[in-house]
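Chemist: The file below is upload35.cif, mmCIF, C-alpha atoms and all ligand atoms:
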```
data_start
loop_
_atom_site.label_atom_id
_atom_site.label_comp_id
_atom_site.auth_asym_id
_atom_site.auth_seq_id
_atom_site.Cartn_x
_atom_site.Cartn_y
_atom_site.Cartn_z
CA MET A 1 -8.40 -54.99 -30.54
CA LYS A 2 -5.10 -54.13 -28.87
CA LYS A 3 -3.87 -52.64 -32.14
CA LEU A 4 -7.03 -50.52 -32.38
CA ILE A 5 -6.58 -49.23 -28.84
CA PHE A 6 -2.95 -48.48 -29.65
CA SER A 7 -3.94 -46.47 -32.74
CA ILE A 8 -6.60 -44.60 -30.81
CA CYS A 9 -4.04 -43.88 -28.13
CA ILE A 10 -1.59 -42.46 -30.67
CA PHE A 11 -4.36 -40.37 -32.26
CA PHE A 12 -5.57 -38.89 -29.00
CA SER A 13 -2.16 -38.34 -27.59
CA PHE A 14 -1.38 -36.33 -30.75
CA ALA A 15 -4.68 -34.45 -30.46
CA ILE A 16 -4.01 -33.65 -26.81
CA THR A 17 -0.30 -32.96 -27.19
CA ALA A 18 -0.93 -30.36 -29.93
CA HIS A 19 -0.85 -27.81 -27.09
CA THR A 20 -0.19 -29.83 -23.97
CA VAL A 21 1.31 -28.50 -20.78
CA ASP A 22 3.12 -30.69 -18.23
CA VAL A 23 2.17 -29.25 -14.85
CA ARG A 24 3.74 -30.44 -11.64
CA ILE A 25 0.73 -30.71 -9.32
CA LEU A 26 0.75 -30.83 -5.49
CA SER A 27 4.09 -29.03 -5.93
CA THR A 28 3.94 -27.22 -2.59
CA MET A 29 3.47 -30.48 -0.64
CA SER A 30 6.02 -33.20 0.21
CA VAL A 31 3.83 -36.15 -0.72
CA THR A 32 4.71 -39.78 0.11
CA THR A 33 1.29 -41.46 -0.28
CA VAL A 34 -1.56 -40.65 -2.68
CA ASN A 35 -4.74 -42.31 -3.87
CA VAL A 36 -5.46 -42.09 -7.61
CA SER A 37 -8.57 -43.15 -9.51
CA VAL A 38 -10.31 -42.53 -12.82
CA HIS A 39 -13.24 -40.12 -12.42
CA THR A 40 -14.69 -40.20 -15.95
CA GLY A 41 -13.59 -41.30 -19.42
CA THR A 42 -11.16 -43.94 -20.58
CA TYR A 43 -7.52 -44.37 -19.63
CA LEU A 44 -4.60 -46.65 -20.27
CA LEU A 45 -2.40 -47.60 -17.33
CA TYR A 46 1.37 -47.97 -17.65
CA LEU A 47 3.64 -49.31 -14.89
CA ASP A 48 7.34 -48.77 -15.63
CA GLY A 49 6.24 -47.91 -19.18
CA LYS A 50 4.46 -51.25 -19.75
CA PRO A 51 0.73 -51.19 -20.64
CA GLN A 52 -1.56 -52.97 -18.13
CA PRO A 53 -4.92 -54.75 -18.61
CA ASP A 54 -7.91 -52.43 -19.07
CA SER A 55 -9.70 -54.03 -16.11
CA LEU A 56 -7.03 -52.68 -13.76
CA THR A 57 -7.50 -49.07 -14.88
CA THR A 58 -10.88 -48.71 -13.15
CA LYS A 59 -9.46 -49.45 -9.67
CA VAL A 60 -8.60 -47.04 -6.89
CA PHE A 61 -4.80 -47.10 -6.56
CA GLN A 62 -2.80 -46.26 -3.50
CA LEU A 63 0.78 -45.20 -4.28
CA ILE A 64 3.34 -45.24 -1.49
CA GLU A 65 6.94 -44.09 -1.74
CA ILE A 66 9.22 -46.83 -0.34
CA ASN A 67 13.01 -46.72 -0.80
CA ASP A 68 12.81 -44.53 -3.93
CA SER A 69 10.21 -46.84 -5.52
CA ILE A 70 6.46 -46.56 -5.80
CA GLU A 71 4.52 -49.40 -4.17
CA VAL A 72 1.20 -49.66 -6.03
CA ARG A 73 -1.75 -51.14 -4.13
CA ILE A 74 -5.38 -51.76 -5.04
CA PRO A 75 -8.07 -52.74 -2.53
CA GLY A 76 -7.05 -56.16 -1.12
CA ASP A 77 -3.85 -56.52 -3.15
CA THR A 78 -0.36 -55.14 -3.78
CA ILE A 79 0.58 -55.01 -7.46
CA GLY A 80 4.29 -54.40 -6.91
CA ARG A 81 6.99 -51.76 -6.78
CA PHE A 82 7.72 -49.56 -9.77
CA VAL A 83 9.75 -46.58 -10.92
CA SER A 84 6.85 -44.89 -12.72
CA PHE A 85 3.05 -44.93 -12.66
CA ARG A 86 1.24 -43.35 -15.60
CA ILE A 87 -2.40 -43.07 -16.62
CA VAL A 88 -2.92 -41.80 -20.17
CA ALA A 89 -6.22 -40.15 -21.15
CA LEU A 90 -7.79 -41.54 -24.32
CA GLU A 91 -10.42 -38.81 -24.59
CA ASP A 92 -10.55 -35.06 -24.17
CA SER A 93 -13.19 -35.61 -21.46
CA SER A 94 -11.04 -38.03 -19.42
CA VAL A 95 -10.75 -36.89 -15.82
CA PHE A 96 -8.90 -38.40 -12.84
CA LYS A 97 -8.98 -37.87 -9.09
CA ILE A 98 -5.99 -37.62 -6.79
CA LYS A 99 -6.04 -37.46 -3.00
CA PRO A 100 -2.91 -36.93 -0.91
CA ILE A 101 -2.90 -39.29 2.09
CA LYS A 102 0.52 -38.39 3.52
CA PRO A 103 0.26 -35.53 4.17
CA PHE A 104 -3.51 -35.68 4.23
CA SER A 105 -5.39 -33.26 1.97
CA GLY A 106 -8.66 -33.00 0.05
CA THR A 107 -9.42 -34.78 -3.23
CA ARG A 108 -8.58 -32.85 -6.39
CA ILE A 109 -9.92 -33.44 -9.87
CA TYR A 110 -7.81 -32.99 -13.00
CA ASP A 111 -8.30 -33.32 -16.75
CA HIS A 112 -6.22 -35.70 -18.88
CA SER A 113 -3.08 -37.63 -17.98
CA LEU A 114 -0.90 -38.21 -14.92
CA LEU A 115 2.67 -39.42 -14.42
CA ILE A 116 4.04 -40.19 -10.95
CA THR A 117 7.72 -40.87 -10.22
CA VAL A 118 9.93 -40.55 -7.15
CA VAL A 119 12.20 -37.51 -6.90
CA ASN A 120 14.34 -36.91 -3.80
CA GLY A 121 12.29 -39.36 -1.73
CA PHE A 122 8.88 -37.87 -2.55
CA LEU A 123 6.22 -38.56 -5.15
CA GLN A 124 6.42 -36.14 -8.07
CA CYS A 125 3.04 -35.85 -9.80
CA ILE A 126 2.89 -34.38 -13.32
CA ASN A 127 -0.43 -33.63 -15.00
CA SER A 128 -0.18 -33.55 -18.83
CA VAL A 129 -3.15 -31.44 -19.78
CA ALA A 130 -4.37 -29.66 -22.92
CA LEU A 131 -3.40 -25.99 -22.77
CA ASP A 132 -6.94 -24.60 -22.55
CA HIS A 133 -7.98 -27.01 -19.79
CA TYR A 134 -4.93 -25.84 -17.87
CA VAL A 135 -5.83 -22.19 -18.61
CA ALA A 136 -9.38 -22.78 -17.31
CA GLY A 137 -8.00 -24.24 -14.07
CA VAL A 138 -5.65 -21.27 -13.65
CA VAL A 139 -8.42 -18.73 -14.33
CA GLU A 140 -10.57 -20.28 -11.63
CA SER A 141 -7.68 -20.43 -9.15
CA GLU A 142 -6.47 -16.87 -9.86
CA ALA A 143 -9.78 -15.07 -10.42
CA GLY A 144 -12.61 -17.44 -9.47
CA GLY A 145 -15.86 -16.15 -7.95
CA ARG A 146 -15.87 -12.90 -9.90
CA THR A 147 -18.92 -13.99 -11.96
CA SER A 148 -18.57 -11.90 -15.13
CA LYS A 149 -17.78 -13.99 -18.18
CA GLU A 150 -16.19 -11.05 -20.00
CA PHE A 151 -13.71 -10.65 -17.14
CA TYR A 152 -12.93 -14.39 -17.27
CA LYS A 153 -12.14 -13.90 -20.98
CA VAL A 154 -9.64 -11.19 -20.05
CA GLN A 155 -8.08 -13.44 -17.43
CA ALA A 156 -8.02 -16.45 -19.80
CA ILE A 157 -6.02 -14.51 -22.40
CA LEU A 158 -3.61 -13.31 -19.71
CA CYS A 159 -3.13 -16.81 -18.26
CA ARG A 160 -2.64 -18.39 -21.72
CA THR A 161 -0.11 -15.73 -22.73
CA TYR A 162 1.76 -16.05 -19.45
CA ALA A 163 1.82 -19.85 -19.61
CA LEU A 164 3.20 -19.95 -23.15
CA ALA A 165 5.80 -17.29 -22.39
CA HIS A 166 7.07 -19.23 -19.34
CA LEU A 167 7.07 -22.86 -20.44
CA TYR A 168 10.85 -23.05 -20.02
CA ARG A 169 10.80 -22.36 -16.28
CA HIS A 170 11.12 -25.95 -15.07
CA VAL A 171 12.58 -27.51 -18.19
CA THR A 172 15.55 -29.02 -16.35
CA GLU A 173 13.21 -30.69 -13.86
CA GLY A 174 11.20 -32.53 -16.53
CA PHE A 175 8.00 -30.47 -16.56
CA ASP A 176 6.81 -27.12 -17.92
CA VAL A 177 5.21 -25.29 -15.02
CA CYS A 178 4.44 -25.87 -11.35
CA ASP A 179 1.00 -25.35 -9.81
CA GLY A 180 2.12 -22.81 -7.20
CA VAL A 181 2.27 -19.02 -7.36
CA HIS A 182 5.87 -19.35 -8.65
CA CYS A 183 4.25 -20.08 -12.04
CA GLN A 184 0.45 -19.75 -11.88
CA ALA A 185 -1.87 -21.18 -9.23
CA TYR A 186 -3.66 -24.26 -10.64
CA ARG A 187 -5.87 -26.51 -8.55
CA GLY A 188 -7.30 -28.66 -11.31
CA ARG A 189 -10.52 -28.77 -13.25
CA PRO A 190 -12.69 -25.65 -12.75
CA SER A 191 -16.27 -25.97 -11.53
CA ASP A 192 -17.59 -22.63 -12.86
CA LEU A 193 -19.21 -23.06 -16.30
CA ASN A 194 -18.60 -19.37 -17.03
CA VAL A 195 -14.86 -20.01 -16.75
CA LEU A 196 -15.03 -22.94 -19.15
CA SER A 197 -17.02 -21.05 -21.77
CA ALA A 198 -14.83 -17.92 -21.44
CA VAL A 199 -11.77 -20.06 -22.17
CA LYS A 200 -13.53 -21.76 -25.09
CA GLU A 201 -14.68 -18.44 -26.59
CA THR A 202 -11.15 -17.04 -26.49
CA GLU A 203 -9.51 -20.27 -27.64
CA GLY A 204 -5.96 -19.73 -28.90
CA LEU A 205 -5.93 -15.97 -28.23
CA VAL A 206 -2.72 -14.49 -26.82
CA ILE A 207 -1.27 -10.98 -26.52
CA VAL A 208 1.86 -10.01 -28.46
CA ASP A 209 3.88 -6.82 -28.77
CA GLN A 210 4.81 -5.03 -31.99
CA ASN A 211 7.55 -7.63 -32.64
CA LEU A 212 5.06 -10.51 -32.29
CA ILE A 213 6.68 -11.54 -29.00
CA LEU A 214 4.34 -12.79 -26.27
CA ILE A 215 4.01 -10.05 -23.69
CA THR A 216 4.56 -10.36 -19.94
CA PRO A 217 0.91 -9.87 -18.98
CA ALA A 218 1.50 -8.41 -15.53
CA PHE A 219 -1.60 -7.84 -13.41
CA PHE A 220 -2.44 -7.01 -9.82
CA SER A 221 -5.47 -6.31 -7.66
CA ASN A 222 -6.11 -2.54 -7.68
CA CYS A 223 -4.13 0.47 -9.00
CA GLY A 224 -5.80 3.10 -6.80
CA GLY A 225 -6.49 5.35 -9.81
CA GLN A 226 -3.27 5.08 -11.83
CA THR A 227 -1.13 2.15 -12.93
CA ALA A 228 2.68 2.28 -12.77
CA ASN A 229 5.37 2.47 -15.43
CA SER A 230 7.30 -0.81 -15.45
CA GLU A 231 10.68 0.91 -14.89
CA ASP A 232 9.46 2.50 -11.65
CA VAL A 233 8.83 -0.95 -10.18
CA TRP A 234 11.13 -3.39 -11.98
CA SER A 235 13.86 -1.09 -13.35
CA VAL A 236 13.11 -2.16 -16.94
CA SER A 237 11.17 0.02 -19.34
CA VAL A 238 8.69 -2.14 -21.27
CA PRO A 239 6.88 -0.34 -24.12
CA TYR A 240 3.47 -1.89 -23.41
CA LEU A 241 3.60 -1.53 -19.59
CA ARG A 242 2.87 2.21 -19.38
CA SER A 243 1.14 4.15 -16.63
CA VAL A 244 -2.55 4.82 -17.35
CA LYS A 245 -5.23 6.64 -15.35
CA ASP A 246 -8.00 4.35 -14.17
CA THR A 247 -11.16 5.56 -12.46
CA PHE A 248 -12.92 2.20 -12.81
CA CYS A 249 -11.39 0.67 -9.67
CA LEU A 250 -11.83 3.63 -7.34
CA HIS A 251 -14.86 2.26 -5.50
CA SER A 252 -13.62 -1.31 -5.22
CA THR A 253 -12.51 -3.15 -2.08
CA ASN A 254 -8.80 -2.45 -2.38
CA ALA A 255 -8.95 1.17 -3.61
CA THR A 256 -7.65 2.74 -0.39
CA TRP A 257 -5.79 1.73 2.77
CA LYS A 258 -4.28 3.38 5.82
CA ARG A 259 -1.32 2.61 8.07
CA LYS A 260 -0.08 4.29 11.24
CA ILE A 261 3.62 4.21 12.18
CA ALA A 262 5.25 5.75 15.25
CA LYS A 263 7.10 8.94 14.31
CA GLU A 264 10.34 7.79 15.91
CA ASP A 265 10.27 4.44 14.06
CA TRP A 266 9.75 6.22 10.75
CA LEU A 267 12.53 8.74 11.27
CA SER A 268 15.03 6.20 12.55
CA TYR A 269 14.25 4.00 9.52
CA LEU A 270 14.97 6.94 7.16
CA ALA A 271 18.18 7.79 8.98
CA SER A 272 19.60 4.27 9.35
CA LYS A 273 18.60 2.74 6.02
CA HIS A 274 18.69 5.80 3.74
CA LYS A 275 21.08 8.21 5.53
CA TYR A 276 18.31 10.78 5.50
CA PRO A 277 19.14 14.05 7.35
CA ILE A 278 16.51 13.84 10.10
CA ASN A 279 18.32 16.49 12.17
CA ASP A 280 17.45 19.05 9.49
CA SER A 281 14.01 20.33 10.58
CA LEU A 282 12.75 21.00 7.05
CA ALA A 283 13.94 17.58 5.84
CA CYS A 284 12.21 16.04 8.84
CA TYR A 285 8.96 17.91 8.16
CA ASN A 286 8.97 16.92 4.47
CA ALA A 287 9.57 13.25 5.27
CA MET A 288 6.43 13.26 7.41
CA ASN A 289 4.34 15.25 4.96
CA MET A 290 4.89 13.81 1.50
CA THR A 291 2.26 13.69 -1.22
CA GLN A 292 1.93 11.58 -4.34
CA SER A 293 -0.95 13.27 -6.17
CA THR A 294 -0.01 11.20 -9.19
CA ARG A 295 2.11 8.04 -9.01
CA GLY A 296 5.79 8.80 -8.59
CA ALA A 297 8.88 6.63 -8.55
CA SER A 298 10.85 8.03 -5.60
CA TYR A 299 10.79 10.47 -2.71
CA CYS A 300 13.65 12.93 -3.24
CA TYR A 301 14.98 15.52 -0.83
CA ALA A 302 18.36 17.05 -0.16
CA GLY A 303 20.15 14.69 -2.52
CA VAL A 304 18.58 11.58 -0.97
CA LYS A 305 16.42 9.48 -3.28
CA ILE A 306 14.20 6.77 -1.77
CA PRO A 307 12.17 4.63 -4.20
CA TYR A 308 8.56 4.24 -3.08
CA LYS A 309 8.82 0.53 -3.95
CA THR A 310 11.59 0.20 -1.32
CA ILE A 311 9.43 1.83 1.33
CA ARG A 312 6.60 -0.49 0.30
CA ALA A 313 8.80 -3.59 0.65
CA ASP A 314 10.41 -2.52 3.94
CA TRP A 315 7.09 -1.74 5.64
CA GLN A 316 5.06 -4.39 3.80
CA LEU A 317 2.62 -1.81 2.51
CA ARG A 318 -0.21 -2.77 0.16
CA SER A 319 1.11 -0.52 -2.61
CA ALA A 320 3.80 2.05 -3.45
CA TYR A 321 1.18 4.72 -4.23
CA PHE A 322 0.74 6.60 -0.96
CA SER A 323 1.00 9.94 0.78
CA ILE A 324 2.16 10.61 4.32
CA GLU A 325 0.79 13.06 6.85
CA GLU A 326 2.07 13.93 10.30
CA ALA A 327 -0.08 13.23 13.34
CA LYS A 328 0.71 13.68 17.05
CA ASP A 329 3.23 10.91 17.78
CA SER A 330 2.90 9.10 14.51
CA ILE A 331 2.68 9.38 10.77
CA ILE A 332 -0.38 8.26 8.85
CA ILE A 333 0.29 6.61 5.51
CA ARG A 334 -2.74 6.90 3.26
CA GLY A 335 -2.40 4.53 0.36
CA ARG A 336 -4.19 3.76 -2.86
CA GLY A 337 -4.55 0.38 -4.53
CA TYR A 338 -3.15 -3.07 -3.81
CA GLY A 339 -0.26 -4.73 -5.62
CA HIS A 340 2.74 -3.72 -7.72
CA GLY A 341 0.64 -1.56 -10.05
CA VAL A 342 2.19 -2.67 -13.37
CA GLY A 343 -0.10 -3.83 -16.20
CA LEU A 344 -3.75 -4.75 -15.76
CA CYS A 345 -5.75 -3.65 -12.74
CA GLN A 346 -8.07 -6.58 -11.93
CA GLU A 347 -10.67 -4.61 -10.00
CA GLY A 348 -10.77 -1.98 -12.76
CA ALA A 349 -11.13 -4.69 -15.39
CA ILE A 350 -13.92 -6.39 -13.40
CA ARG A 351 -15.83 -3.10 -13.25
CA MET A 352 -15.32 -2.42 -16.96
CA ALA A 353 -16.55 -5.91 -17.81
CA LYS A 354 -19.67 -5.33 -15.69
CA LEU A 355 -20.30 -2.03 -17.49
CA GLY A 356 -20.24 -3.86 -20.84
CA TYR A 357 -16.75 -3.15 -22.16
CA SER A 358 -15.32 -5.98 -24.28
CA TYR A 359 -12.23 -7.99 -23.37
CA GLU A 360 -10.40 -6.45 -26.37
CA TRP A 361 -11.15 -2.94 -25.13
CA ILE A 362 -10.10 -3.77 -21.58
CA LEU A 363 -6.80 -5.39 -22.61
CA ASN A 364 -5.95 -2.51 -24.95
CA TYR A 365 -6.70 -0.06 -22.15
CA TYR A 366 -4.07 -1.51 -19.81
CA TYR A 367 -1.47 -2.78 -22.32
CA LYS A 368 -0.28 -0.24 -24.90
CA ASN A 369 0.38 -0.99 -28.60
CA VAL A 370 -0.27 -4.72 -28.32
CA GLU A 371 -2.15 -7.14 -30.58
CA ILE A 372 -4.54 -9.87 -29.51
CA ILE A 373 -3.80 -12.64 -31.95
CA ASN A 374 -4.63 -16.31 -32.43
CA LEU A 375 -1.74 -18.70 -31.83
CA SER A 376 -2.24 -20.28 -35.27
CA LYS A 377 -1.82 -16.86 -36.95
CA LEU A 378 1.21 -16.18 -34.78
CA GLU A 379 2.83 -19.41 -35.95
CA PHE A 380 1.99 -18.45 -39.57
CA PHE A 381 3.54 -14.97 -39.26
CA LYS A 382 6.65 -16.40 -37.61
CA GLU A 383 7.17 -18.72 -40.55
CA GLU A 384 6.90 -15.83 -43.04
ZN ZN B 1 6.97 -22.76 -11.06
ZN ZN B 2 -7.29 0.44 -11.27
#
```
Translate the structure of the given file into structure tokens.
Ligand SMILES: [Zn+2]
Ligand SMILES: [Zn+2]

Modeler:
Amino acid sequence: MKKLIFSICIFFSFAITAHTVDVRILSTMSVTTVNVSVHTGTYLLYLDGKPQPDSLTTKVFQLIEINDSIEVRIPGDTIGRFVSFRIVALEDSSVFKIKPIKPFSGTRIYDHSLLITVVNGFLQCINSVALDHYVAGVVESEAGGRTSKEFYKVQAILCRTYALAHLYRHVTEGFDVCDGVHCQAYRGRPSDLNVLSAVKETEGLVIVDQNLILITPAFFSNCGGQTANSEDVWSVSVPYLRSVKDTFCLHSTNATWKRKIAKEDWLSYLASKHKYPINDSLACYNAMNMTQSTRGASYCYAGVKIPYKTIRADWQLRSAYFSIEEAKDSIIIRGRGYGHGVGLCQEGAIRMAKLGYSYEWILNYYYKNVEIINLSKLEFFKEE
């Protein structure tokens, strides 16, 4: 029987590891105590790498960090202290629950396997999960509640492409990606069935450029009518991240914004940070009456060049696509859109999806000269 379980374990771990991602979960918390239990499916439990009896796997475990070890408790008993605690999923439908106790936080539900060790005095929790289950969790965290399945397909392809292009980010720390915004937000198994079927229906699809390299699938909330060229925001010209006109997002929540700044604060900022000639009356007038009818990169006057992205960062504006008009004692900044503006405009894409445009059409609208390709074909072409 043990041999059979071992063979099954090898089989499933191969099936799951075909495209498995090791995600550090609870990465933004300094956790010292967690409760872990099996939610559904079958698991094997390993303590310090040694397999444990099946009967133990169904318990609720409490894991406490003590002197760089993990004390493992079950109701009414302490099992001992260990260096590692691992539960290995034997089925694709195996799901576990984890609840931080110190610090206290809500229960989260994750697909597949879990490894807990101690790193720098805290519990490090790594969820080994099949790529598309991870993608589904990311789609729900990054774009949940938007209801349209076609939009979820767009987001699934973006999240899958991004994940595969950034698997090296934490390689020296022993996992692939973290669950914070540093990589992609991931809070576990999604609850929206539309998300799950969108991921399933786009299984394996990623976006590549003309050299079959995975693209950087930049996206943001709203472009305000025109997306940005990559070089105007990140100083690097990327062939597929070109400015496009977009009327689809113009009536969405983040299409416009307004900000009032005292005239004297604005002028002293220009003078002190940018050496702008505010004593020149025409220069002064222009700096309080600037217009971006189409997206520009910089405000230029009298030999002074101020990138709009710098103004955005310094004043924490919602976007770098704005015009300025003079009022009595202030300037009014009237802005368009929300976010850096490079790549796909989420609110435009949501509208297109609602109007019946396909995910292929939407992706090709925002990313220029790219191919949507299945990973298996990509691997085939790379071997050619
Ligand atoms: Zn990260
Ligand atoms: Zn837009």

Chemist: Provide the atom CA of A:Asp92 to atom CA of A:Thr20 distance in Å, to one decimal place.

Modeler: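 Result for atom CA of A:Asp92 versus atom CA of A:Thr20: 11.6 Å, one decimal.
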
Chemist: Restricting the calculation to only C-alpha atoms and all ligand atoms: of A:Ala136, A:Leu375, A:Ala255, A:Cys284, which residue gets closest to ligand ZN 2 (chain B)?

Modeler: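 Using only C-alpha atoms and all ligand atoms, ligand ZN 2 (chain B) sits closest to A:Ala255.
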
Chemist: Step by step, measure atom-to-atom distances between ligand ZN 2 (chain B) and each residue using only C-alpha atoms and all ligand atoms, keep those at most 12 Å, then write them as a PyMOL selection string.

Modeler: chain A and resi 219-228+243-256+321+336-352+362+365-366

Chemist: Using all atoms listed in the file, what does the table of chain A residues within 8 Å of ligand ZN 1 (chain B) look like, with each row giving the shortest atom pair and its distance in Å to one decimal, sorted by chain and ascending number, as JSON lines?

Modeler:
```
{"residue": "A:Arg169", "atom": "CA", "partner": "B:ZN1", "partner_atom": "ZN", "distance": 6.5}
{"residue": "A:His170", "atom": "CA", "partner": "B:ZN1", "partner_atom": "ZN", "distance": 6.6}
{"residue": "A:Val177", "atom": "CA", "partner": "B:ZN1", "partner_atom": "ZN", "distance": 5.0}
{"residue": "A:Cys178", "atom": "CA", "partner": "B:ZN1", "partner_atom": "ZN", "distance": 4.0}
{"residue": "A:Asp179", "atom": "CA", "partner": "B:ZN1", "partner_atom": "ZN", "distance": 6.6}
{"residue": "A:Gly180", "atom": "CA", "partner": "B:ZN1", "partner_atom": "ZN", "distance": 6.2}
{"residue": "A:Val181", "atom": "CA", "partner": "B:ZN1", "partner_atom": "ZN", "distance": 7.1}
{"residue": "A:His182", "atom": "CA", "partner": "B:ZN1", "partner_atom": "ZN", "distance": 4.3}
{"residue": "A:Cys183", "atom": "CA", "partner": "B:ZN1", "partner_atom": "ZN", "distance": 3.9}
{"residue": "A:Gln184", "atom": "CA", "partner": "B:ZN1", "partner_atom": "ZN", "distance": 7.2}
```

Chemist: Which residue out of A:Lys305, A:Arg295, A:Lys99, A:Arg73 has the minimum interatomic distance to A:Ala320 when all atoms listed in the file are used?

Modeler: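 Looking only at the distances to A:Ala320, the closest residue turns out to be A:Arg295.
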
Chemist: Between A:Tyr110, A:Trp266, A:Ile101, A:Thr117, which one has atoms that come closest to A:Phe85, using only C-alpha atoms?

Modeler: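 For A:Phe85, the nearest of the given residues is A:Thr117.
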
Chemist: Closest to A:Asn289 among A:Lys97, A:Arg334, A:Lys50, A:His112, using only C-alpha atoms?

Modeler: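 With only C-alpha atoms as the atom set, the closest residue is A:Arg334.
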